[in-house]
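Data from entry.cif: mmCIF, N, CA and C atoms
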data_final
#
loop_
_atom_site.label_atom_id
_atom_site.label_comp_id
_atom_site.auth_asym_id
_atom_site.auth_seq_id
_atom_site.Cartn_x
_atom_site.Cartn_y
_atom_site.Cartn_z
N MET T 201 82.24 126.53 -129.69
CA MET T 201 82.36 127.15 -128.39
C MET T 201 83.47 128.20 -128.47
N THR T 202 83.26 129.37 -127.88
CA THR T 202 84.25 130.43 -127.92
C THR T 202 85.38 130.15 -126.94
N HIS T 203 86.52 130.87 -127.13
CA HIS T 203 87.64 130.71 -126.20
C HIS T 203 87.23 131.08 -124.78
N GLY T 204 86.39 132.09 -124.64
CA GLY T 204 85.89 132.49 -123.32
C GLY T 204 85.10 131.38 -122.65
N ALA T 205 84.27 130.69 -123.42
CA ALA T 205 83.48 129.59 -122.86
C ALA T 205 84.39 128.45 -122.43
N TYR T 206 85.43 128.12 -123.23
CA TYR T 206 86.37 127.09 -122.84
C TYR T 206 87.08 127.47 -121.55
N PHE T 207 87.46 128.75 -121.43
CA PHE T 207 88.13 129.23 -120.23
C PHE T 207 87.24 129.06 -119.00
N LEU T 208 85.96 129.45 -119.12
CA LEU T 208 85.04 129.32 -117.99
C LEU T 208 84.82 127.86 -117.63
N LEU T 209 84.75 126.97 -118.63
CA LEU T 209 84.59 125.55 -118.37
C LEU T 209 85.82 125.00 -117.66
N ALA T 210 87.02 125.45 -118.07
CA ALA T 210 88.25 125.00 -117.42
C ALA T 210 88.28 125.43 -115.96
N ILE T 211 87.85 126.65 -115.68
CA ILE T 211 87.80 127.12 -114.30
C ILE T 211 86.84 126.26 -113.49
N ALA T 212 85.70 125.90 -114.08
CA ALA T 212 84.69 125.12 -113.37
C ALA T 212 85.17 123.70 -113.05
N VAL T 213 86.09 123.16 -113.83
CA VAL T 213 86.53 121.78 -113.66
C VAL T 213 87.87 121.70 -112.92
N THR T 214 88.82 122.53 -113.29
CA THR T 214 90.17 122.46 -112.76
C THR T 214 90.19 122.68 -111.25
N GLY T 215 90.96 121.84 -110.56
CA GLY T 215 91.14 122.01 -109.13
C GLY T 215 91.18 120.68 -108.40
N THR T 216 91.23 120.78 -107.09
CA THR T 216 91.22 119.61 -106.22
C THR T 216 89.87 119.55 -105.53
N TRP T 217 89.21 118.44 -105.68
CA TRP T 217 87.88 118.21 -105.12
C TRP T 217 88.00 117.14 -104.04
N GLU T 218 87.42 117.38 -102.88
CA GLU T 218 87.56 116.48 -101.75
C GLU T 218 86.21 115.98 -101.27
N GLY T 219 86.17 114.70 -100.90
CA GLY T 219 84.98 114.10 -100.31
C GLY T 219 85.33 113.50 -98.96
N LYS T 220 84.36 113.51 -98.05
CA LYS T 220 84.58 112.96 -96.71
C LYS T 220 83.57 111.88 -96.40
N THR T 221 84.02 110.89 -95.63
CA THR T 221 83.18 109.85 -95.07
C THR T 221 83.62 109.67 -93.63
N ASN T 222 82.69 109.53 -92.72
CA ASN T 222 83.01 109.39 -91.30
C ASN T 222 83.80 110.59 -90.77
N ASP T 223 83.54 111.77 -91.33
CA ASP T 223 84.24 113.02 -90.97
C ASP T 223 85.74 112.96 -91.23
N LEU T 224 86.16 112.09 -92.13
CA LEU T 224 87.56 111.97 -92.53
C LEU T 224 87.65 112.04 -94.05
N PRO T 225 88.80 112.46 -94.59
CA PRO T 225 88.96 112.43 -96.05
C PRO T 225 88.75 111.02 -96.58
N SER T 226 88.00 110.90 -97.68
CA SER T 226 87.81 109.59 -98.29
C SER T 226 88.19 109.60 -99.78
N VAL T 227 88.00 110.74 -100.44
CA VAL T 227 88.30 110.85 -101.87
C VAL T 227 88.94 112.20 -102.15
N GLU T 228 89.92 112.19 -103.05
CA GLU T 228 90.53 113.43 -103.54
C GLU T 228 90.62 113.31 -105.05
N LEU T 229 89.95 114.21 -105.75
CA LEU T 229 89.92 114.21 -107.21
C LEU T 229 90.66 115.45 -107.69
N ASN T 230 91.78 115.23 -108.38
CA ASN T 230 92.59 116.34 -108.91
C ASN T 230 92.36 116.42 -110.42
N LEU T 231 91.81 117.54 -110.86
CA LEU T 231 91.47 117.71 -112.28
C LEU T 231 92.22 118.88 -112.88
N ARG T 232 92.63 118.70 -114.12
CA ARG T 232 93.25 119.76 -114.91
C ARG T 232 92.58 119.76 -116.27
N GLN T 233 92.32 120.94 -116.77
CA GLN T 233 91.72 121.02 -118.10
C GLN T 233 92.59 121.88 -118.98
N GLY T 234 93.01 121.30 -120.08
CA GLY T 234 93.68 122.01 -121.15
C GLY T 234 92.85 121.72 -122.39
N ALA T 235 93.47 121.07 -123.37
CA ALA T 235 92.73 120.64 -124.55
C ALA T 235 91.73 119.54 -124.18
N ARG T 236 92.02 118.82 -123.08
CA ARG T 236 91.11 117.80 -122.57
C ARG T 236 91.29 117.71 -121.05
N VAL T 237 90.39 117.02 -120.40
CA VAL T 237 90.46 116.85 -118.94
C VAL T 237 91.44 115.72 -118.63
N THR T 238 92.32 115.94 -117.66
CA THR T 238 93.22 114.92 -117.16
C THR T 238 93.20 114.99 -115.64
N GLY T 239 93.77 113.99 -115.00
CA GLY T 239 93.85 114.06 -113.55
C GLY T 239 94.00 112.71 -112.89
N THR T 240 93.83 112.75 -111.57
CA THR T 240 93.94 111.55 -110.74
C THR T 240 92.80 111.54 -109.73
N ILE T 241 92.50 110.34 -109.24
CA ILE T 241 91.57 110.20 -108.13
C ILE T 241 92.28 109.36 -107.07
N SER T 242 92.16 109.79 -105.82
CA SER T 242 92.77 109.08 -104.70
C SER T 242 91.70 108.68 -103.71
N PHE T 243 91.90 107.51 -103.13
CA PHE T 243 90.99 107.02 -102.11
C PHE T 243 91.79 106.78 -100.83
N TYR T 244 91.21 107.18 -99.71
CA TYR T 244 91.83 106.97 -98.41
C TYR T 244 91.18 105.76 -97.75
N PHE T 245 91.98 104.80 -97.35
CA PHE T 245 91.48 103.62 -96.65
C PHE T 245 91.16 104.04 -95.22
N GLN T 246 90.03 103.61 -94.71
CA GLN T 246 89.63 103.93 -93.35
C GLN T 246 89.38 102.64 -92.57
N THR T 247 89.77 102.66 -91.30
CA THR T 247 89.51 101.53 -90.42
C THR T 247 88.91 102.06 -89.13
N ARG T 248 88.14 101.20 -88.48
CA ARG T 248 87.55 101.57 -87.20
C ARG T 248 88.35 100.88 -86.09
N GLY T 249 88.82 101.69 -85.13
CA GLY T 249 89.59 101.16 -84.02
C GLY T 249 88.71 100.46 -83.00
N ALA T 250 89.36 99.81 -82.04
CA ALA T 250 88.64 99.12 -80.97
C ALA T 250 87.77 100.07 -80.17
N ASP T 251 88.16 101.36 -80.16
CA ASP T 251 87.39 102.37 -79.43
C ASP T 251 86.18 102.87 -80.23
N GLY T 252 85.99 102.32 -81.44
CA GLY T 252 84.86 102.71 -82.27
C GLY T 252 85.11 103.93 -83.15
N LYS T 253 86.27 104.56 -83.02
CA LYS T 253 86.59 105.76 -83.81
C LYS T 253 87.22 105.35 -85.15
N TRP T 254 86.85 106.10 -86.19
CA TRP T 254 87.42 105.86 -87.52
C TRP T 254 88.80 106.49 -87.60
N ARG T 255 89.70 105.79 -88.30
CA ARG T 255 91.07 106.28 -88.47
C ARG T 255 91.43 106.24 -89.95
N LEU T 256 92.24 107.22 -90.33
CA LEU T 256 92.69 107.32 -91.71
C LEU T 256 93.86 106.38 -91.95
N GLY T 257 93.77 105.63 -93.05
CA GLY T 257 94.83 104.71 -93.43
C GLY T 257 95.54 105.20 -94.67
N PRO T 258 96.15 104.29 -95.40
CA PRO T 258 96.91 104.67 -96.60
C PRO T 258 96.01 105.24 -97.71
N LYS T 259 96.64 106.01 -98.57
CA LYS T 259 95.97 106.63 -99.71
C LYS T 259 96.44 105.92 -100.98
N SER T 260 95.50 105.57 -101.85
CA SER T 260 95.87 104.99 -103.15
C SER T 260 95.40 105.94 -104.25
N GLU T 261 96.21 106.06 -105.29
CA GLU T 261 95.94 107.03 -106.37
C GLU T 261 95.88 106.31 -107.71
N ALA T 262 94.98 106.77 -108.58
CA ALA T 262 94.85 106.20 -109.92
C ALA T 262 94.66 107.32 -110.93
N GLU T 263 95.23 107.12 -112.11
CA GLU T 263 95.03 108.06 -113.22
C GLU T 263 93.62 107.91 -113.77
N LEU T 264 93.04 109.01 -114.21
CA LEU T 264 91.73 108.95 -114.86
C LEU T 264 91.91 108.38 -116.27
N LEU T 265 91.10 107.39 -116.61
CA LEU T 265 91.12 106.79 -117.94
C LEU T 265 89.88 107.25 -118.71
N SER T 266 90.06 107.59 -119.95
CA SER T 266 88.97 107.98 -120.85
C SER T 266 88.06 109.06 -120.26
N PRO T 267 88.64 110.14 -119.69
CA PRO T 267 87.76 111.18 -119.14
C PRO T 267 86.97 111.88 -120.25
N LYS T 268 85.70 112.14 -119.96
CA LYS T 268 84.83 112.79 -120.94
C LYS T 268 83.97 113.81 -120.20
N LEU T 269 84.03 115.04 -120.64
CA LEU T 269 83.23 116.10 -120.05
C LEU T 269 82.08 116.41 -120.99
N ASP T 270 80.86 116.25 -120.48
CA ASP T 270 79.65 116.51 -121.26
C ASP T 270 78.78 117.47 -120.45
N GLY T 271 78.90 118.76 -120.75
CA GLY T 271 78.18 119.76 -119.98
C GLY T 271 78.73 119.82 -118.57
N ARG T 272 77.89 119.56 -117.58
CA ARG T 272 78.32 119.60 -116.18
C ARG T 272 78.59 118.21 -115.61
N ILE T 273 78.72 117.20 -116.51
CA ILE T 273 78.97 115.83 -116.07
C ILE T 273 80.30 115.35 -116.62
N LEU T 274 81.16 114.91 -115.71
CA LEU T 274 82.44 114.31 -116.07
C LEU T 274 82.34 112.81 -115.82
N SER T 275 82.68 112.02 -116.81
CA SER T 275 82.72 110.57 -116.62
C SER T 275 84.14 110.09 -116.91
N PHE T 276 84.54 109.04 -116.22
CA PHE T 276 85.87 108.47 -116.42
C PHE T 276 85.90 107.07 -115.82
N GLU T 277 87.02 106.38 -116.03
CA GLU T 277 87.24 105.06 -115.47
C GLU T 277 88.59 105.04 -114.76
N THR T 278 88.79 104.02 -113.92
CA THR T 278 90.10 103.74 -113.34
C THR T 278 90.30 102.22 -113.38
N THR T 279 91.57 101.81 -113.40
CA THR T 279 91.83 100.39 -113.27
C THR T 279 91.44 99.97 -111.86
N HIS T 280 91.18 98.69 -111.71
CA HIS T 280 90.76 98.17 -110.40
C HIS T 280 91.39 96.81 -110.18
N ARG T 281 91.98 96.63 -109.04
CA ARG T 281 92.58 95.34 -108.68
C ARG T 281 91.51 94.42 -108.10
N LYS T 282 91.65 93.14 -108.32
CA LYS T 282 90.67 92.18 -107.80
C LYS T 282 90.67 92.16 -106.28
N ARG T 283 91.84 92.39 -105.67
CA ARG T 283 91.97 92.48 -104.21
C ARG T 283 93.02 93.53 -103.90
N HIS T 284 92.95 94.10 -102.69
CA HIS T 284 94.00 95.03 -102.26
C HIS T 284 95.34 94.29 -102.31
N ASP T 285 96.37 94.97 -102.74
CA ASP T 285 97.74 94.42 -102.84
C ASP T 285 97.86 93.27 -103.82
N SER T 286 96.92 93.13 -104.75
CA SER T 286 96.99 92.09 -105.77
C SER T 286 97.43 92.71 -107.09
N PRO T 287 98.31 92.02 -107.82
CA PRO T 287 98.69 92.53 -109.14
C PRO T 287 97.63 92.26 -110.20
N GLU T 288 96.66 91.37 -109.89
CA GLU T 288 95.66 90.96 -110.87
C GLU T 288 94.56 92.01 -111.02
N LEU T 289 94.38 92.46 -112.27
CA LEU T 289 93.37 93.48 -112.55
C LEU T 289 92.01 92.85 -112.81
N GLY T 290 90.98 93.55 -112.36
CA GLY T 290 89.61 93.17 -112.66
C GLY T 290 89.04 94.19 -113.65
N PRO T 291 87.73 94.18 -113.87
CA PRO T 291 87.12 95.18 -114.74
C PRO T 291 87.31 96.58 -114.17
N ASN T 292 87.45 97.56 -115.04
CA ASN T 292 87.62 98.95 -114.60
C ASN T 292 86.41 99.41 -113.79
N ASN T 293 86.66 100.28 -112.83
CA ASN T 293 85.58 100.99 -112.15
C ASN T 293 85.22 102.20 -113.00
N ARG T 294 83.95 102.57 -112.98
CA ARG T 294 83.48 103.73 -113.74
C ARG T 294 82.93 104.77 -112.76
N TYR T 295 83.07 106.03 -113.14
CA TYR T 295 82.66 107.13 -112.27
C TYR T 295 81.90 108.18 -113.06
N ARG T 296 81.03 108.87 -112.34
CA ARG T 296 80.32 110.03 -112.90
C ARG T 296 80.38 111.12 -111.84
N VAL T 297 80.83 112.31 -112.24
CA VAL T 297 80.88 113.46 -111.35
C VAL T 297 79.92 114.50 -111.91
N GLU T 298 78.91 114.85 -111.11
CA GLU T 298 77.92 115.85 -111.53
C GLU T 298 78.21 117.15 -110.80
N SER T 299 78.50 118.19 -111.54
CA SER T 299 78.78 119.49 -110.95
C SER T 299 77.47 120.14 -110.50
N ALA T 300 77.44 120.55 -109.22
CA ALA T 300 76.27 121.26 -108.69
C ALA T 300 76.51 122.77 -108.70
N SER T 301 77.78 123.17 -108.58
CA SER T 301 78.17 124.58 -108.61
C SER T 301 79.67 124.63 -108.86
N ASP T 302 80.25 125.82 -108.80
CA ASP T 302 81.69 125.93 -108.99
C ASP T 302 82.48 125.37 -107.81
N THR T 303 81.80 125.10 -106.69
CA THR T 303 82.49 124.61 -105.50
C THR T 303 81.96 123.28 -104.98
N GLU T 304 80.92 122.73 -105.61
CA GLU T 304 80.34 121.47 -105.13
C GLU T 304 79.98 120.56 -106.29
N ALA T 305 80.23 119.26 -106.08
CA ALA T 305 79.89 118.24 -107.08
C ALA T 305 79.49 116.97 -106.33
N ARG T 306 78.95 116.01 -107.08
CA ARG T 306 78.56 114.72 -106.51
C ARG T 306 79.25 113.61 -107.30
N LEU T 307 79.88 112.68 -106.58
CA LEU T 307 80.60 111.57 -107.19
C LEU T 307 79.77 110.29 -107.09
N HIS T 308 79.64 109.60 -108.21
CA HIS T 308 78.97 108.31 -108.27
C HIS T 308 79.98 107.30 -108.81
N MET T 309 80.06 106.13 -108.17
CA MET T 309 81.01 105.10 -108.59
C MET T 309 80.26 103.81 -108.90
N TYR T 310 80.68 103.17 -109.99
CA TYR T 310 80.10 101.91 -110.41
C TYR T 310 81.24 100.90 -110.53
N ARG T 311 81.26 99.94 -109.63
CA ARG T 311 82.35 98.95 -109.61
C ARG T 311 82.33 98.14 -110.89
N GLY T 312 83.52 97.70 -111.29
CA GLY T 312 83.71 97.00 -112.54
C GLY T 312 82.54 96.15 -112.99
N GLY T 313 82.06 96.37 -114.16
CA GLY T 313 81.01 95.56 -114.73
C GLY T 313 79.60 95.84 -114.24
N GLU T 314 79.44 96.53 -113.10
CA GLU T 314 78.09 96.84 -112.61
C GLU T 314 77.42 97.86 -113.53
N PRO T 315 76.14 97.71 -113.79
CA PRO T 315 75.45 98.72 -114.60
C PRO T 315 75.24 99.99 -113.78
N GLU T 316 75.15 101.12 -114.47
CA GLU T 316 74.82 102.36 -113.77
C GLU T 316 73.40 102.26 -113.26
N LYS T 317 73.19 102.69 -112.05
CA LYS T 317 71.87 102.65 -111.44
C LYS T 317 71.71 103.88 -110.57
N ASP T 318 70.50 104.15 -110.16
CA ASP T 318 70.26 105.27 -109.27
C ASP T 318 70.81 104.91 -107.90
N ASP T 319 71.90 105.55 -107.53
CA ASP T 319 72.54 105.25 -106.26
C ASP T 319 72.38 106.40 -105.27
N GLY T 320 71.34 107.17 -105.45
CA GLY T 320 71.09 108.29 -104.54
C GLY T 320 71.91 109.51 -104.90
N PRO T 321 72.15 110.37 -103.93
CA PRO T 321 72.79 111.65 -104.22
C PRO T 321 74.28 111.55 -104.50
N GLY T 322 74.92 110.44 -104.21
CA GLY T 322 76.36 110.33 -104.41
C GLY T 322 77.13 111.00 -103.29
N LEU T 323 78.45 110.89 -103.36
CA LEU T 323 79.33 111.48 -102.36
C LEU T 323 79.55 112.95 -102.67
N LYS T 324 79.32 113.81 -101.70
CA LYS T 324 79.53 115.25 -101.90
C LYS T 324 81.03 115.54 -102.00
N LEU T 325 81.41 116.24 -103.08
CA LEU T 325 82.76 116.73 -103.26
C LEU T 325 82.77 118.25 -103.14
N THR T 326 83.76 118.77 -102.47
CA THR T 326 83.91 120.21 -102.32
C THR T 326 85.26 120.62 -102.89
N ARG T 327 85.27 121.71 -103.66
CA ARG T 327 86.53 122.19 -104.23
C ARG T 327 87.36 122.82 -103.11
N ARG T 328 88.63 122.38 -103.03
CA ARG T 328 89.56 122.95 -102.05
C ARG T 328 89.88 124.39 -102.45
N GLN T 329 89.83 125.26 -101.47
CA GLN T 329 90.11 126.69 -101.73
C GLN T 329 91.59 127.00 -101.67
#
Take the structure in the file and write it out as structure tokens.
Amino acid sequence: MTHGAYFLLAIAVTGTWEGKTNDLPSVELNLRQGARVTGTISFYFQTRGADGKWRLGPKSEAELLSPKLDGRILSFETTHRKRHDSPELGPNNRYRVESASDTEARLHMYRGGEPEKDDGPGLKLTRRQ
């Protein structure tokens, strides 16, 4: 691959990608590409109030483990706790991010030990401008 192709690939991956659920932030994926892809993924906890409206709660962040970029698909893992606020780790969660364009991607998550399956279109991620 030429240096120009690596540069274009880095532009296509590098940045902050955001996903929403219930019209609120739910996922933030921060990617950097140098010699390899690195970054973090954050999840926003959401709760529904007595009035039925969704509210944003705390954000948790994890480093990407074993990130691998294969064409327009990025795969990686994160550690996963057996319960919120538990020090005990369970099997890693696995993720696949499929790039649809330079500004849109789809996130698929497979909880620890679950096999990859067709889970529909995935969560829409949009690159922050």
I want to know what sits within 12 Å of T:Phe276, based on only C-alpha atoms, with residues of the same chain fewer than 4 positions away left out; could you give that as a ChimeraX atom specification? /T:229,231,237-241,262-270,292-298,307-310
Could the residues in this selection be saved with N, CA and C atoms as a compact mmCIF listing (two decimals), in the coordinates of the input?
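out06.txt, freshly written:
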# COMPACT_ATOMS: atom_id res chain seq x y z
N LEU T 229 89.95 114.21 -105.75
CA LEU T 229 89.92 114.21 -107.21
C LEU T 229 90.66 115.45 -107.69
N LEU T 231 91.81 117.54 -110.86
CA LEU T 231 91.47 117.71 -112.28
C LEU T 231 92.22 118.88 -112.88
N VAL T 237 90.39 117.02 -120.40
CA VAL T 237 90.46 116.85 -118.94
C VAL T 237 91.44 115.72 -118.63
N THR T 238 92.32 115.94 -117.66
CA THR T 238 93.22 114.92 -117.16
C THR T 238 93.20 114.99 -115.64
N GLY T 239 93.77 113.99 -115.00
CA GLY T 239 93.85 114.06 -113.55
C GLY T 239 94.00 112.71 -112.89
N THR T 240 93.83 112.75 -111.57
CA THR T 240 93.94 111.55 -110.74
C THR T 240 92.80 111.54 -109.73
N ILE T 241 92.50 110.34 -109.24
CA ILE T 241 91.57 110.20 -108.13
C ILE T 241 92.28 109.36 -107.07
N ALA T 262 94.98 106.77 -108.58
CA ALA T 262 94.85 106.20 -109.92
C ALA T 262 94.66 107.32 -110.93
N GLU T 263 95.23 107.12 -112.11
CA GLU T 263 95.03 108.06 -113.22
C GLU T 263 93.62 107.91 -113.77
N LEU T 264 93.04 109.01 -114.21
CA LEU T 264 91.73 108.95 -114.86
C LEU T 264 91.91 108.38 -116.27
N LEU T 265 91.10 107.39 -116.61
CA LEU T 265 91.12 106.79 -117.94
C LEU T 265 89.88 107.25 -118.71
N SER T 266 90.06 107.59 -119.95
CA SER T 266 88.97 107.98 -120.85
C SER T 266 88.06 109.06 -120.26
N PRO T 267 88.64 110.14 -119.69
CA PRO T 267 87.76 111.18 -119.14
C PRO T 267 86.97 111.88 -120.25
N LYS T 268 85.70 112.14 -119.96
CA LYS T 268 84.83 112.79 -120.94
C LYS T 268 83.97 113.81 -120.20
N LEU T 269 84.03 115.04 -120.64
CA LEU T 269 83.23 116.10 -120.05
C LEU T 269 82.08 116.41 -120.99
N ASP T 270 80.86 116.25 -120.48
CA ASP T 270 79.65 116.51 -121.26
C ASP T 270 78.78 117.47 -120.45
N ASN T 292 87.45 97.56 -115.04
CA ASN T 292 87.62 98.95 -114.60
C ASN T 292 86.41 99.41 -113.79
N ASN T 293 86.66 100.28 -112.83
CA ASN T 293 85.58 100.99 -112.15
C ASN T 293 85.22 102.20 -113.00
N ARG T 294 83.95 102.57 -112.98
CA ARG T 294 83.48 103.73 -113.74
C ARG T 294 82.93 104.77 -112.76
N TYR T 295 83.07 106.03 -113.14
CA TYR T 295 82.66 107.13 -112.27
C TYR T 295 81.90 108.18 -113.06
N ARG T 296 81.03 108.87 -112.34
CA ARG T 296 80.32 110.03 -112.90
C ARG T 296 80.38 111.12 -111.84
N VAL T 297 80.83 112.31 -112.24
CA VAL T 297 80.88 113.46 -111.35
C VAL T 297 79.92 114.50 -111.91
N GLU T 298 78.91 114.85 -111.11
CA GLU T 298 77.92 115.85 -111.53
C GLU T 298 78.21 117.15 -110.80
N LEU T 307 79.88 112.68 -106.58
CA LEU T 307 80.60 111.57 -107.19
C LEU T 307 79.77 110.29 -107.09
N HIS T 308 79.64 109.60 -108.21
CA HIS T 308 78.97 108.31 -108.27
C HIS T 308 79.98 107.30 -108.81
N MET T 309 80.06 106.13 -108.17
CA MET T 309 81.01 105.10 -108.59
C MET T 309 80.26 103.81 -108.90
N TYR T 310 80.68 103.17 -109.99
CA TYR T 310 80.10 101.91 -110.41
C TYR T 310 81.24 100.90 -110.53
Chain T: residues DSSP assigns to alpha helix (DSSP H), reported as a ChimeraX atom specification: /T:203-213
Exactly which residues make up the result of the PyMOL selection byres ((chain T and resi 322) around 6) on this file, given as number ranges by chain? T: 306-308, 319-321, 323-324
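Distance check against T:Ile273 using only N, CA and C atoms: of T:Trp254, T:Lys220, T:Gly312, T:Ser299, the minimum falls on T:Ser299.
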Around all the atoms of stretch 297-311 of chain T listed in the file, draw an axis-aligned box and extend it by 3 Å on each of the six sides; I want its centre and edge lengths in Å to one decimal, as AutoDock Vina command-line options.
--center_x 79.4 --center_y 112.0 --center_z -108.6 --size_x 12.2 --size_y 33.8 --size_z 13.3
